[in-house]
Each structure stands twice: as structure tokens, then as C-alpha cells.
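Note: the block below is structure.cif and it holds mmCIF, C-alpha atoms and all ligand atoms.
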data_entry
#
loop_
_atom_site.label_atom_id
_atom_site.label_comp_id
_atom_site.auth_asym_id
_atom_site.auth_seq_id
_atom_site.Cartn_x
_atom_site.Cartn_y
_atom_site.Cartn_z
CA MET I 14 29.10 -117.01 36.24
CA SER I 15 26.26 -116.28 33.83
CA ASP I 16 27.17 -116.55 30.17
CA ASN I 17 26.40 -112.91 29.46
CA LYS I 18 28.55 -111.50 32.27
CA VAL I 19 31.81 -109.85 31.17
CA GLN I 20 34.44 -109.82 33.88
CA ILE I 21 36.26 -106.52 34.28
CA PHE I 22 39.98 -107.01 34.98
CA ASP I 23 41.47 -103.71 36.04
CA THR I 24 45.19 -103.25 35.40
CA THR I 25 45.48 -99.55 36.27
CA LEU I 26 47.94 -100.42 39.02
CA ARG I 27 50.14 -102.64 36.82
CA ASP I 28 49.97 -101.95 33.05
CA GLY I 29 48.48 -98.49 33.68
CA GLU I 30 51.20 -97.57 36.11
CA GLN I 31 53.86 -98.32 33.47
CA VAL I 32 53.27 -94.75 32.18
CA PRO I 33 56.62 -92.95 32.43
CA GLY I 34 56.84 -90.67 35.47
CA CYS I 35 53.62 -91.91 37.11
CA LYS I 36 54.93 -94.24 39.76
CA LEU I 37 52.50 -94.55 42.67
CA ASN I 38 53.57 -95.45 46.19
CA THR I 39 51.92 -98.26 48.15
CA GLU I 40 49.57 -95.94 50.08
CA GLN I 41 48.29 -94.35 46.86
CA LYS I 42 47.82 -97.78 45.27
CA VAL I 43 45.88 -99.05 48.28
CA ILE I 44 43.49 -96.06 48.08
CA ILE I 45 42.86 -96.71 44.38
CA ALA I 46 42.46 -100.48 44.92
CA GLU I 47 39.85 -99.86 47.63
CA GLN I 48 37.83 -97.72 45.22
CA LEU I 49 38.20 -100.26 42.39
CA ASP I 50 36.83 -102.92 44.71
CA ILE I 51 33.81 -100.75 45.57
CA LEU I 52 33.39 -99.87 41.86
CA GLY I 53 32.76 -103.58 41.28
CA VAL I 54 35.71 -104.73 39.19
CA ASP I 55 36.10 -108.51 39.20
CA VAL I 56 39.90 -108.59 39.19
CA ILE I 57 42.51 -106.06 40.35
CA GLU I 58 45.96 -106.58 38.87
CA ALA I 59 47.90 -105.07 41.75
CA GLY I 60 51.42 -105.22 40.34
CA PHE I 61 54.41 -107.25 39.23
CA PRO I 62 55.75 -108.44 42.60
CA VAL I 63 59.23 -109.54 41.52
CA SER I 64 59.93 -106.23 39.77
CA SER I 65 60.75 -104.24 42.94
CA PRO I 66 60.32 -104.37 46.73
CA GLY I 67 57.82 -101.52 46.40
CA ASP I 68 55.67 -103.48 43.96
CA PHE I 69 55.86 -106.56 46.18
CA ARG I 70 54.67 -104.51 49.17
CA SER I 71 51.84 -102.96 47.15
CA VAL I 72 50.53 -106.36 46.04
CA GLU I 73 50.78 -107.63 49.62
CA GLU I 74 48.97 -104.62 51.14
CA ILE I 75 46.27 -104.62 48.44
CA SER I 76 45.74 -108.35 49.06
CA LYS I 77 45.02 -107.55 52.70
CA ILE I 78 42.37 -104.91 52.10
CA VAL I 79 40.44 -106.04 49.02
CA LYS I 80 37.10 -107.55 50.07
CA ASN I 81 35.41 -108.75 46.89
CA ALA I 82 37.66 -108.72 43.85
CA THR I 83 40.26 -111.29 42.88
CA VAL I 84 43.76 -109.88 43.41
CA CYS I 85 46.23 -110.72 40.70
CA GLY I 86 50.03 -110.50 40.41
CA LEU I 87 51.96 -110.55 37.11
CA THR I 88 54.95 -112.81 36.44
CA ARG I 89 57.10 -113.88 33.52
CA SER I 90 57.44 -117.61 32.85
CA VAL I 91 60.25 -117.62 35.38
CA GLU I 92 60.29 -119.80 38.49
CA ASN I 93 61.35 -117.10 40.91
CA ASP I 94 58.75 -114.60 39.58
CA ILE I 95 56.01 -117.13 40.29
CA LYS I 96 57.27 -117.96 43.80
CA VAL I 97 57.53 -114.27 44.67
CA ALA I 98 54.05 -113.52 43.29
CA ALA I 99 52.55 -116.37 45.33
CA GLU I 100 54.23 -114.96 48.44
CA ALA I 101 52.93 -111.41 47.76
CA LEU I 102 49.40 -112.74 47.23
CA LYS I 103 49.28 -114.89 50.35
CA TYR I 104 46.77 -112.62 52.17
CA ALA I 105 44.37 -112.36 49.22
CA LYS I 106 40.91 -113.88 49.69
CA LYS I 107 40.89 -114.69 45.97
CA PRO I 108 44.47 -114.78 44.58
CA ARG I 109 45.34 -115.14 40.89
CA ILE I 110 48.78 -115.57 39.31
CA HIS I 111 49.06 -114.06 35.82
CA THR I 112 51.93 -115.75 34.01
CA GLY I 113 52.89 -116.01 30.38
CA ILE I 114 55.37 -115.56 27.59
CA GLY I 115 55.78 -113.90 24.17
CA THR I 116 54.31 -116.08 21.43
CA SER I 117 54.77 -114.13 18.16
CA ASP I 118 57.65 -115.17 15.91
CA SER I 119 59.20 -111.79 16.54
CA HIS I 120 59.25 -112.38 20.33
CA ILE I 121 60.33 -116.01 19.99
CA THR I 122 63.22 -115.24 17.65
CA HIS I 123 64.46 -111.87 18.88
CA LYS I 124 63.55 -111.75 22.56
CA PHE I 125 63.98 -115.36 23.53
CA LYS I 126 66.26 -116.60 20.71
CA SER I 127 64.23 -119.76 20.96
CA ASN I 128 61.74 -121.79 18.97
CA ARG I 129 57.99 -122.44 19.11
CA GLU I 130 58.18 -125.87 20.80
CA ALA I 131 60.53 -124.68 23.54
CA ILE I 132 58.20 -121.72 24.24
CA ILE I 133 55.23 -124.08 24.69
CA GLU I 134 57.33 -126.10 27.17
CA ARG I 135 58.19 -122.97 29.16
CA ALA I 136 54.56 -121.87 29.19
CA VAL I 137 53.39 -125.27 30.47
CA LYS I 138 56.08 -125.30 33.17
CA ALA I 139 55.08 -121.82 34.34
CA VAL I 140 51.35 -122.54 34.48
CA SER I 141 51.96 -125.86 36.25
CA LEU I 142 54.18 -124.22 38.85
CA ALA I 143 51.70 -121.36 39.43
CA LYS I 144 48.99 -123.98 39.86
CA THR I 145 50.87 -125.48 42.83
CA TYR I 146 50.35 -122.15 44.65
CA VAL I 147 46.89 -120.97 43.56
CA GLU I 148 43.83 -122.45 41.90
CA ASP I 149 43.24 -119.44 39.65
CA VAL I 150 45.99 -119.11 37.01
CA GLU I 151 45.77 -116.77 34.04
CA PHE I 152 48.06 -117.42 31.07
CA TYR I 153 49.04 -114.55 28.73
CA ALA I 154 50.35 -115.08 25.21
CA GLU I 155 52.22 -111.81 24.83
CA ASP I 156 51.92 -110.28 21.33
CA ALA I 157 49.06 -112.67 20.54
CA GLY I 158 47.80 -109.93 18.19
CA ARG I 159 50.70 -110.75 15.85
CA THR I 160 50.85 -114.48 16.62
CA ASP I 161 49.77 -116.96 14.01
CA ASN I 162 46.36 -118.33 15.07
CA ASP I 163 47.28 -121.97 14.64
CA TYR I 164 50.27 -121.74 16.98
CA LEU I 165 48.31 -119.55 19.39
CA ALA I 166 45.63 -122.24 19.60
CA ARG I 167 48.29 -124.88 20.34
CA ILE I 168 49.88 -122.92 23.18
CA CYS I 169 46.45 -122.03 24.64
CA GLU I 170 45.47 -125.70 24.57
CA ALA I 171 48.68 -126.65 26.38
CA ALA I 172 48.11 -123.91 28.99
CA ILE I 173 44.57 -125.18 29.68
CA LYS I 174 45.87 -128.75 30.05
CA ALA I 175 48.43 -127.43 32.56
CA GLY I 176 45.60 -125.80 34.57
CA ALA I 177 45.07 -122.27 33.23
CA THR I 178 41.63 -120.91 34.14
CA VAL I 179 41.89 -117.76 32.00
CA LEU I 180 43.63 -117.23 28.65
CA ASN I 181 44.74 -113.68 28.01
CA ILE I 182 45.07 -112.79 24.30
CA PRO I 183 46.96 -109.48 24.32
CA ASP I 184 47.23 -107.24 21.31
CA THR I 185 50.42 -106.00 22.97
CA THR I 186 51.40 -103.59 20.20
CA GLY I 187 47.89 -102.33 19.43
CA TYR I 188 48.19 -103.60 15.85
CA CYS I 189 45.00 -105.53 15.14
CA LEU I 190 41.90 -104.28 13.37
CA PRO I 191 38.65 -105.02 15.25
CA SER I 192 37.63 -107.60 12.62
CA GLU I 193 41.02 -109.39 12.95
CA TYR I 194 40.96 -109.38 16.74
CA GLY I 195 37.37 -110.63 16.83
CA ALA I 196 38.23 -113.38 14.33
CA LYS I 197 41.19 -114.44 16.51
CA ILE I 198 38.95 -114.87 19.54
CA LYS I 199 36.40 -116.77 17.45
CA TYR I 200 39.15 -119.01 16.06
CA LEU I 201 40.34 -119.86 19.58
CA LYS I 202 36.77 -120.53 20.75
CA GLU I 203 36.31 -122.95 17.85
CA ASN I 204 39.72 -124.60 17.68
CA VAL I 205 41.17 -124.95 21.19
CA LYS I 206 40.37 -128.28 22.81
CA GLY I 207 39.14 -127.77 26.38
CA ILE I 208 38.28 -124.07 25.80
CA GLU I 209 35.02 -124.52 27.75
CA LYS I 210 37.18 -124.89 30.91
CA ALA I 211 38.73 -121.43 30.52
CA ILE I 212 37.69 -117.81 30.01
CA LEU I 213 39.15 -115.92 27.06
CA SER I 214 40.35 -112.44 27.98
CA CYS I 215 40.88 -109.34 25.79
CA HIS I 216 43.92 -107.19 26.57
CA CYS I 217 44.22 -104.48 23.93
CA HIS I 218 46.62 -101.59 23.57
CA ASN I 219 45.68 -98.34 21.91
CA ASP I 220 48.55 -97.62 19.49
CA LEU I 221 46.10 -97.16 16.59
CA GLY I 222 43.24 -95.90 18.75
CA LEU I 223 41.47 -99.27 18.48
CA ALA I 224 41.81 -100.73 21.99
CA THR I 225 38.17 -100.19 22.95
CA ALA I 226 36.78 -101.35 19.60
CA ASN I 227 39.00 -104.45 19.67
CA SER I 228 37.92 -105.39 23.20
CA ILE I 229 34.25 -105.05 22.29
CA GLU I 230 34.77 -107.14 19.16
CA GLY I 231 36.50 -109.70 21.40
CA VAL I 232 33.53 -110.09 23.73
CA ILE I 233 31.07 -110.15 20.83
CA ASN I 234 33.07 -113.14 19.55
CA GLY I 235 33.09 -115.05 22.82
CA ALA I 236 35.69 -113.57 25.22
CA ARG I 237 34.29 -113.00 28.72
CA GLN I 238 36.92 -110.81 30.35
CA ILE I 239 38.24 -107.38 29.38
CA GLU I 240 41.54 -106.06 30.74
CA CYS I 241 41.48 -102.31 31.01
CA THR I 242 42.58 -99.23 32.95
CA ILE I 243 40.84 -96.17 34.32
CA ASN I 244 41.09 -93.32 31.77
CA GLY I 245 42.80 -95.79 29.40
CA ILE I 246 46.16 -94.93 30.91
CA GLY I 247 49.15 -97.10 30.13
CA GLU I 248 52.44 -97.25 28.30
CA ARG I 249 52.67 -95.51 24.89
CA ALA I 250 49.07 -94.80 23.71
CA GLY I 251 47.62 -96.67 26.69
CA ASN I 252 45.25 -99.56 27.31
CA THR I 253 41.53 -100.11 26.80
CA ALA I 254 39.62 -97.54 28.89
CA LEU I 255 37.47 -99.22 31.54
CA GLU I 256 34.80 -96.51 31.48
CA GLU I 257 34.42 -96.85 27.70
CA VAL I 258 33.90 -100.62 27.49
CA VAL I 259 31.58 -100.62 30.50
CA MET I 260 29.38 -97.86 29.07
CA ILE I 261 29.36 -99.39 25.57
CA LEU I 262 27.97 -102.64 27.01
CA LYS I 263 25.47 -100.73 29.16
CA GLN I 264 24.24 -98.51 26.32
CA HIS I 265 23.83 -101.45 23.91
CA PRO I 266 21.63 -103.87 25.85
CA TYR I 267 20.80 -105.88 22.73
CA LEU I 268 24.39 -107.26 22.89
CA ASN I 269 23.15 -109.05 25.99
CA LEU I 270 26.48 -108.57 27.76
CA ASP I 271 26.85 -106.82 31.07
CA THR I 272 29.31 -106.10 33.88
CA ASN I 273 29.18 -105.70 37.65
CA ILE I 274 30.39 -102.09 37.53
CA ASN I 275 28.60 -99.36 39.50
CA THR I 276 28.75 -96.84 36.68
CA GLN I 277 27.85 -93.89 38.90
CA MET I 278 31.36 -94.11 40.36
CA LEU I 279 33.12 -93.77 37.01
CA TYR I 280 33.68 -90.00 37.02
CA GLY I 281 34.90 -89.95 40.63
CA ILE I 282 37.40 -92.75 40.15
CA SER I 283 38.64 -91.18 36.94
CA GLN I 284 39.38 -87.98 38.86
CA LEU I 285 41.06 -89.94 41.66
CA VAL I 286 43.41 -91.78 39.29
CA SER I 287 44.19 -88.67 37.27
CA ASP I 288 44.95 -86.75 40.46
CA ARG I 289 47.12 -89.41 42.14
CA MET I 290 49.06 -90.16 38.96
CA GLY I 291 49.41 -86.53 38.00
CA ILE I 292 48.06 -87.28 34.53
CA TYR I 293 45.68 -84.77 33.09
CA THR I 294 42.68 -86.29 31.27
CA GLN I 295 42.06 -84.77 27.83
CA PRO I 296 38.84 -82.66 27.87
CA ASN I 297 37.30 -84.58 24.98
CA LYS I 298 37.97 -88.00 26.59
CA ALA I 299 34.87 -90.18 26.15
CA ILE I 300 32.70 -90.60 29.28
CA VAL I 301 34.96 -88.83 31.81
CA GLY I 302 36.51 -85.84 29.98
CA ALA I 303 35.55 -82.34 31.13
CA ASN I 304 33.67 -81.76 27.86
CA ALA I 305 31.99 -85.18 27.62
CA PHE I 306 28.65 -83.63 28.62
CA ALA I 307 29.29 -79.99 27.68
CA HIS I 308 27.46 -78.33 24.81
CA SER I 309 28.69 -75.11 23.29
CA SER I 310 27.20 -74.60 19.84
CA GLY I 311 23.84 -72.86 19.56
CA ILE I 312 22.03 -75.62 17.66
CA HIS I 313 23.08 -78.33 20.12
CA GLN I 314 22.35 -76.17 23.16
CA ASP I 315 18.86 -75.39 21.94
CA GLY I 316 18.23 -79.13 21.40
CA VAL I 317 19.61 -80.21 24.79
CA ILE I 318 17.64 -77.53 26.66
CA LYS I 319 14.46 -78.78 24.99
CA ASN I 320 15.31 -82.44 25.54
CA ARG I 321 18.67 -83.78 26.76
CA GLU I 322 18.47 -86.86 24.52
CA THR I 323 18.62 -84.84 21.30
CA TYR I 324 22.42 -84.67 21.65
CA GLU I 325 23.29 -87.01 24.53
CA ILE I 326 23.30 -90.82 24.45
CA ILE I 327 24.21 -91.16 28.13
CA ASP I 328 22.55 -89.54 31.14
CA PRO I 329 25.51 -87.82 32.84
CA LYS I 330 24.17 -88.94 36.23
CA ASP I 331 24.72 -92.56 35.15
CA VAL I 332 28.47 -91.97 35.21
CA GLY I 333 28.53 -89.68 38.26
CA VAL I 334 28.48 -86.31 36.48
CA THR I 335 25.91 -84.01 38.11
CA ALA I 336 24.49 -82.46 34.96
CA SER I 337 25.14 -81.62 31.33
CA ALA I 338 26.85 -78.25 30.91
CA ILE I 339 25.68 -75.46 28.67
CA VAL I 340 28.88 -73.59 27.90
CA LEU I 341 28.49 -70.01 26.74
CA THR I 342 30.71 -69.00 23.83
CA ALA I 343 30.29 -66.75 20.80
CA ARG I 344 28.71 -69.79 19.08
CA SER I 345 25.87 -69.95 21.64
CA GLY I 346 22.36 -68.84 20.85
CA ARG I 347 19.62 -67.01 22.73
CA ALA I 348 18.21 -70.25 24.22
CA ALA I 349 21.48 -71.04 25.96
CA LEU I 350 21.91 -67.49 27.22
CA ALA I 351 18.34 -67.38 28.58
CA TYR I 352 18.89 -70.76 30.27
CA ARG I 353 22.16 -69.75 31.93
CA ALA I 354 20.79 -66.29 32.90
CA LYS I 355 17.83 -68.02 34.56
CA ASN I 356 20.25 -70.26 36.51
CA VAL I 357 21.86 -67.15 38.01
CA GLY I 358 18.55 -65.43 38.78
CA TYR I 359 17.37 -63.50 35.71
CA GLU I 360 14.09 -64.40 34.00
CA LEU I 361 14.40 -62.46 30.71
CA THR I 362 11.52 -61.38 28.48
CA LYS I 363 12.00 -61.66 24.71
CA LEU I 364 12.80 -57.96 24.42
CA GLN I 365 15.27 -58.03 27.30
CA LEU I 366 16.92 -61.17 25.92
CA ASP I 367 17.42 -59.43 22.53
CA GLU I 368 19.34 -56.62 24.19
CA VAL I 369 21.33 -58.84 26.56
CA TYR I 370 22.22 -61.15 23.66
CA LYS I 371 23.73 -58.25 21.65
CA ASN I 372 25.97 -57.32 24.61
CA PHE I 373 26.73 -60.97 25.20
CA LEU I 374 28.03 -61.46 21.63
CA ASP I 375 30.36 -58.44 21.93
CA PHE I 376 31.66 -59.84 25.20
CA ALA I 377 31.96 -63.46 23.95
CA ASP I 378 33.96 -62.37 20.89
CA LYS I 379 36.61 -61.05 23.28
CA LYS I 380 36.51 -63.87 25.86
CA LYS I 381 36.54 -67.57 24.94
CA GLU I 382 34.04 -68.68 27.57
CA VAL I 383 31.44 -66.61 29.40
CA ASP I 384 31.00 -67.59 33.06
CA ASP I 385 28.33 -66.76 35.68
CA ASN I 386 30.15 -63.61 36.85
CA ASP I 387 30.35 -62.41 33.25
CA ILE I 388 26.58 -62.90 32.87
CA HIS I 389 25.96 -60.51 35.79
CA GLN I 390 28.36 -58.00 34.27
CA ILE I 391 26.75 -58.24 30.82
CA ILE I 392 23.26 -57.76 32.24
CA GLU I 393 24.38 -54.83 34.40
CA SER I 394 25.71 -53.10 31.27
CA CYS I 395 22.28 -53.25 29.54
CA LYS I 396 19.99 -50.25 29.17
CA LEU I 397 17.15 -52.44 30.43
CA TYR I 398 19.05 -53.46 33.59
CA LYS I 399 16.71 -51.69 36.07
CA GLU I 400 13.67 -53.25 34.43
CA ILE I 401 15.29 -56.69 34.50
CA ILE I 402 16.16 -56.64 38.19
CA SER I 403 12.84 -55.18 39.31
CA ALA I 404 10.94 -58.01 37.56
O1 LIG I 501 50.41 -106.06 26.77
C1 LIG I 501 50.76 -107.17 27.20
O2 LIG I 501 51.05 -108.10 26.46
C2 LIG I 501 50.82 -107.32 28.65
C3 LIG I 501 51.09 -108.69 29.18
C4 LIG I 501 52.27 -108.68 30.09
C5 LIG I 501 49.88 -109.24 29.85
O3 LIG I 501 50.61 -106.38 29.38
ZN ZN I 502 49.62 -104.75 28.26
#
How does this structure look as C-alpha cells?
Amino acid sequence: MSDNKVQIFDTTLRDGEQVPGCKLNTEQKVIIAEQLDILGVDVIEAGFPVSSPGDFRSVEEISKIVKNATVCGLTRSVENDIKVAAEALKYAKKPRIHTGIGTSDSHITHKFKSNREAIIERAVKAVSLAKTYVEDVEFYAEDAGRTDNDYLARICEAAIKAGATVLNIPDTTGYCLPSEYGAKIKYLKENVKGIEKAILSCHCHNDLGLATANSIEGVINGARQIECTINGIGERAGNTALEEVVMILKQHPYLNLDTNINTQMLYGISQLVSDRMGIYTQPNKAIVGANAFAHSSGIHQDGVIKNRETYEIIDPKDVGVTASAIVLTARSGRAALAYRAKNVGYELTKLQLDEVYKNFLDFADKKKEVDDNDIHQIIESCKLYKEIISA
């Protein structure tokens, strides 16, 4: 793997699917996994096999159909979880077991009623056992975001010695600031013995709206895998959005970091996941929201009609959106109206446009958005209508 390649680890079907009320059946998961594989993700986390027979079956079926990506199954640091995951992954061309344990003092004291040394022992046992089944073992230090860096480095070092190929540093509660998360990754890069044998992975939650920023700060500081979901779906405020991190790296080439993602599939796969999960994507969602390439104020519309780049940093076609949209509202100007009228067949002179625009404003004040049918109606109501259509 080249040093500037960032691996995309998609967890839509595991962490993403933990959204309340969004359970997918095996057939739906297989359809999404097939598309993720074509999209070019490097790893598909297909589920948590021990959690239910349905999840086991999904991981097994996804393992059978995925052609290129690594297929990964989640486990706790529990012997039976690891055995079951290995069984579910047996058909995968490239299987990975993702095992780990909570490492913050809060998890160690309250969840496990244990101590730091005993947690390191459990982590080592889990990684070593997983390693007897598969070569590729990812270790997660749950709540690493709130784990003291010194202890985190010690447990990561022990996991690498036990055979971990990837170290996942989750900001499980979405607490970190980008500078803190970046510094954590840098600290691990500089202080974990044997770190050159493993890839550091960012797994950020969005409780403070910082999941994307934290993941980017992580790769700037040396991580080479980002764990993310389509549309940023996931428990509570969700996970890092795949489409956001991929487009940030693409639009900032000077970072010298890239991915294998076919970005022209991003809009389509966003729609697929939203549809199958029954989760509506907010219109202002970056990259894939309905308004991500829609312009409605007069000043912006005029600029975009003259040159798209005045108000757009991404060519919509690069993410699979056919074109930017010029939305007609009472805030639109003459340029936008002339542009949309031309799209439905009317080439207006300056005089005609002045009259049509007056009628348009009356109409738009009553209706939030003016569509193509409304444009015909507005033009038909003009005194100059006959002149316009005979042109
Ligand atoms: O957020 C988290 O800590 C996780 C781990 C189980 C990887 O999802
Ligand atoms: Zn998570």
C-alpha cells in the first residue's frame, strides 16, 4: 500500500445499522455490500456475528459475494465471539476479525469493574486467539478518545505484539476536538514500539458534529484508515460520513492523501442506503443532500449561471449528481428566471423578461418554490404572451 493511500473502512452495515428502528435484513445488506464493493471501499464491516443469527447470516452471505474488499466481523474480547466471527467469515476472500475492549478509566472501572493491567491481558488474549483464525486482525480500544495517551500506547503496543495489523482508535463518545484527536494519533505514531507494522485507524462519532474533522485530522497526523458510514448514519448523532471524508481528500490534493473510491457513485449509494434504511437524508447534508448543489438566492444564481465555480467547490457530476439546480423562489433574480424559462422553451427578450419577472414575483410570494409548470402558467398570464410564443 502506498503511503499516501487512505483505506476506507465502511461500517454502514454494523455501526451504521445500530440506528434505532433501521434493522436491515440479510437480502438488503447483501445489496448494499455489493454496491460498497463496486464503490471501492477497502473494508466492509458486515456485522457483529455473535449478536444474532440474522447478523451471523448476513456476515456469511456478504463474505460469499464480496469480490474485492476485505470483509470484517466485530467481536468483543470474548472467546466465543471470536470463534463465531471466524465461522461467519469463512467464505471471505479477505477476512478480518475486529476485536477489542474499552480502555478509558470510565469503561475499565464501571463497565468491566477491572483494572488497567487485566484489560491489557484480555486484549492480548483476544488478538492472539483471533490471529489463530485469520491473518488480518484489527484491535479497537473503545473510548480511546477519553483514554489517557500513555496507557493507550501501552495497550496498542501489546496488541501489535500479539499480532494486530490495524489499531482502531475510536472516539466512541464523539468528545474530542480535532486538535486533541490529531495529537493522540501523532502520540501513538511516535510512542508505540512496532507501530510501523500496523495501520492506525480513525473511528469518530459525531456527538459534537466533529466526526469528519476529527477523522481528517487523524489522517493528517499519520492514520491511514478511516471508519465511516454512508450518509454518516449511526447511533446517536452518527459516525463519520464516508462521502465527506472522501471528497475532502479529493478536493484538497495538496494533502497528498487519496482513496480508492469511485466518487461518481456517491449520490446513488447515498440514496440506496437512505431508501433501504428508511432514513431521510437532511436536505442540507454535505455532498449528498438534496440542496447540496441547489442555488436559490439571486446573487448566487447569477454567479453560478455565469460560471459554476463562483459558488461551487465540487462539480456535481463528480459525486453522481447530474447538474447544479437553480431553484426559483421569491429571492431569485432575472438571470435565474431567464435561465429556467429557456430550459422550458422560452427565449425572453429584456422587455419580455421585465414583464414576466413582475408576474413571477407575485406568484413566488405566494408559493415557496416555482416549478416548470408554474413558469408556463406565469408566462401565459403575461400581456406579451403571444409575442413570446411566436418568437
Ligand atoms: O465506537 C466504537 O467504539 C465502536 C467500536 C466497537 C469499534 O464502534
Ligand atoms: Zn462506533
Separation of atom CA of I:Ile121 from atom CA of I:Leu221, in Å and rounded to one decimal: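 Answer for the atom CA of I:Ile121 to atom CA of I:Leu221 separation: 23.9 Å.
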Listing only residues of chain I within 6 Å of ligand LIG 501 (chain I), what is the closest atom pair and its distance in Å (to one decimal) for each, using all atoms listed in the file, sorted by chain and residue number ascending, as CSV?
residue,atom,partner,partner_atom,distance
I:Asp28,CA,I:LIG501,O3,5.8
I:Tyr153,CA,I:LIG501,C5,5.5
I:Glu155,CA,I:LIG501,O2,4.2
I:Asp156,CA,I:LIG501,O2,5.6
I:Pro183,CA,I:LIG501,O2,4.8
I:Thr185,CA,I:LIG501,O1,3.8
Length of the atom CA of I:Asn227 to atom CA of I:Lys197 vector [Å]: 10.7 Å
Who sits within 7 Å of stretch 103-118 of chain I, all atoms listed in the file, same chain under 3 positions skipped, as JSON, numbers by chain: {"I": [73, 76, 77, 83, 84, 85, 86, 87, 88, 89, 90, 98, 99, 100, 121, 122, 136, 139, 140, 143, 147, 149, 150, 151, 152, 153, 154, 155, 156, 157, 159, 160]}
Would you compute, for all listed atoms of stretch 104-123 of chain I, the axis-aligned bounding box grown by 5 Å on each side, and then report its centre and edge lengths in Å rounded to one decimal, as lines of an AutoDock Vina configuration file?
center_x = 52.7
center_y = -113.9
center_z = 34.0
size_x = 33.6
size_y = 14.3
size_z = 46.3
Nearby residues (all atoms listed in the file) at most 8 Å from stretch 302-316 of chain I, same-chain spacing under 6 positions excluded, as a list in words: Thr294, Gln295, Pro296, Thr323, Tyr324, Glu325, Pro329, Ala336, Ser337, Ala338, Ile339, Val340, Leu341, Thr342, Arg344, Ser345, Gly346, Arg347, Ala348 and Ala349 of chain I
I:Glu170 surroundings by all atoms listed in the file, 12 Å radius, close-in-sequence under 5 positions cut, as a list in words: Ile133, Ala136, Val137, Val140, Phe152, Ala154, Asp163, Tyr164, Leu165, Ala175, Gly176, Ala177, Thr178, Val179, Leu180, Leu201, Lys202, Glu203, Asn204, Val205, Lys206, Gly207, Ile208, Glu209, Lys210, Ala211 and Leu213 of chain I
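Across the model, the gap from atom CA of I:Asn269 to atom CA of I:Ile239 is 15.6 Å.
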Which residue of I:Asn219, I:Asn273, I:Asn17, I:Ser403 approaches I:Tyr359 most closely, using all atoms listed in the file: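 Counting all atoms listed in the file, the residue closest to I:Tyr359 is I:Ser403.
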Residues of chain I that have any atom at most 10 Å from an atom of ligand ZN 502 (chain I): could you tabulate them with the shortest-distance atom pair and the distance in Å to one decimal, using all atoms listed in the file, ordered by chain and increasing number, as JSON lines?
{"residue": "I:Thr24", "atom": "CA", "partner": "I:ZN502", "partner_atom": "ZN", "distance": 8.5}
{"residue": "I:Arg27", "atom": "CA", "partner": "I:ZN502", "partner_atom": "ZN", "distance": 8.8}
{"residue": "I:Asp28", "atom": "CA", "partner": "I:ZN502", "partner_atom": "ZN", "distance": 5.6}
{"residue": "I:Gly29", "atom": "CA", "partner": "I:ZN502", "partner_atom": "ZN", "distance": 8.4}
{"residue": "I:Gln31", "atom": "CA", "partner": "I:ZN502", "partner_atom": "ZN", "distance": 9.3}
{"residue": "I:Tyr153", "atom": "CA", "partner": "I:ZN502", "partner_atom": "ZN", "distance": 9.8}
{"residue": "I:Glu155", "atom": "CA", "partner": "I:ZN502", "partner_atom": "ZN", "distance": 8.3}
{"residue": "I:Asp156", "atom": "CA", "partner": "I:ZN502", "partner_atom": "ZN", "distance": 9.2}
{"residue": "I:Pro183", "atom": "CA", "partner": "I:ZN502", "partner_atom": "ZN", "distance": 6.7}
{"residue": "I:Asp184", "atom": "CA", "partner": "I:ZN502", "partner_atom": "ZN", "distance": 7.8}
{"residue": "I:Thr185", "atom": "CA", "partner": "I:ZN502", "partner_atom": "ZN", "distance": 5.5}
{"residue": "I:Thr186", "atom": "CA", "partner": "I:ZN502", "partner_atom": "ZN", "distance": 8.3}
{"residue": "I:Gly187", "atom": "CA", "partner": "I:ZN502", "partner_atom": "ZN", "distance": 9.3}
{"residue": "I:His216", "atom": "CA", "partner": "I:ZN502", "partner_atom": "ZN", "distance": 6.4}
{"residue": "I:Cys217", "atom": "CA", "partner": "I:ZN502", "partner_atom": "ZN", "distance": 6.9}
{"residue": "I:His218", "atom": "CA", "partner": "I:ZN502", "partner_atom": "ZN", "distance": 6.4}
{"residue": "I:Asn219", "atom": "CA", "partner": "I:ZN502", "partner_atom": "ZN", "distance": 9.8}
{"residue": "I:Glu240", "atom": "CA", "partner": "I:ZN502", "partner_atom": "ZN", "distance": 8.6}
{"residue": "I:Cys241", "atom": "CA", "partner": "I:ZN502", "partner_atom": "ZN", "distance": 8.9}
{"residue": "I:Gly247", "atom": "CA", "partner": "I:ZN502", "partner_atom": "ZN", "distance": 7.9}
{"residue": "I:Glu248", "atom": "CA", "partner": "I:ZN502", "partner_atom": "ZN", "distance": 8.0}
{"residue": "I:Gly251", "atom": "CA", "partner": "I:ZN502", "partner_atom": "ZN", "distance": 8.5}
{"residue": "I:Asn252", "atom": "CA", "partner": "I:ZN502", "partner_atom": "ZN", "distance": 6.9}
{"residue": "I:Thr253", "atom": "CA", "partner": "I:ZN502", "partner_atom": "ZN", "distance": 9.4}
Selected residue of minimal separation from I:Met290 among I:Gly158, I:Ile246, I:Ala236, I:Glu230, counting only C-alpha atoms: I:Ile246
From I:His389, I:Arg135, I:Arg249, I:Lys36, residue lying nearest I:Asn356 [all atoms listed in the file]: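 Result for the nearest residue to I:Asn356: I:His389.
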Counting only C-alpha atoms, the residue of I:Val79, I:Arg129, I:Asp367, I:Gly291 that sits nearest I:Pro33: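 Result for the nearest residue to I:Pro33: I:Gly291.
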Residues within 10 Å of I:Asn275, only C-alpha atoms, excluding chain neighbours under 4 positions, as an NGL selection string: :I and (51-54 or 259 or 279 or 331-333)
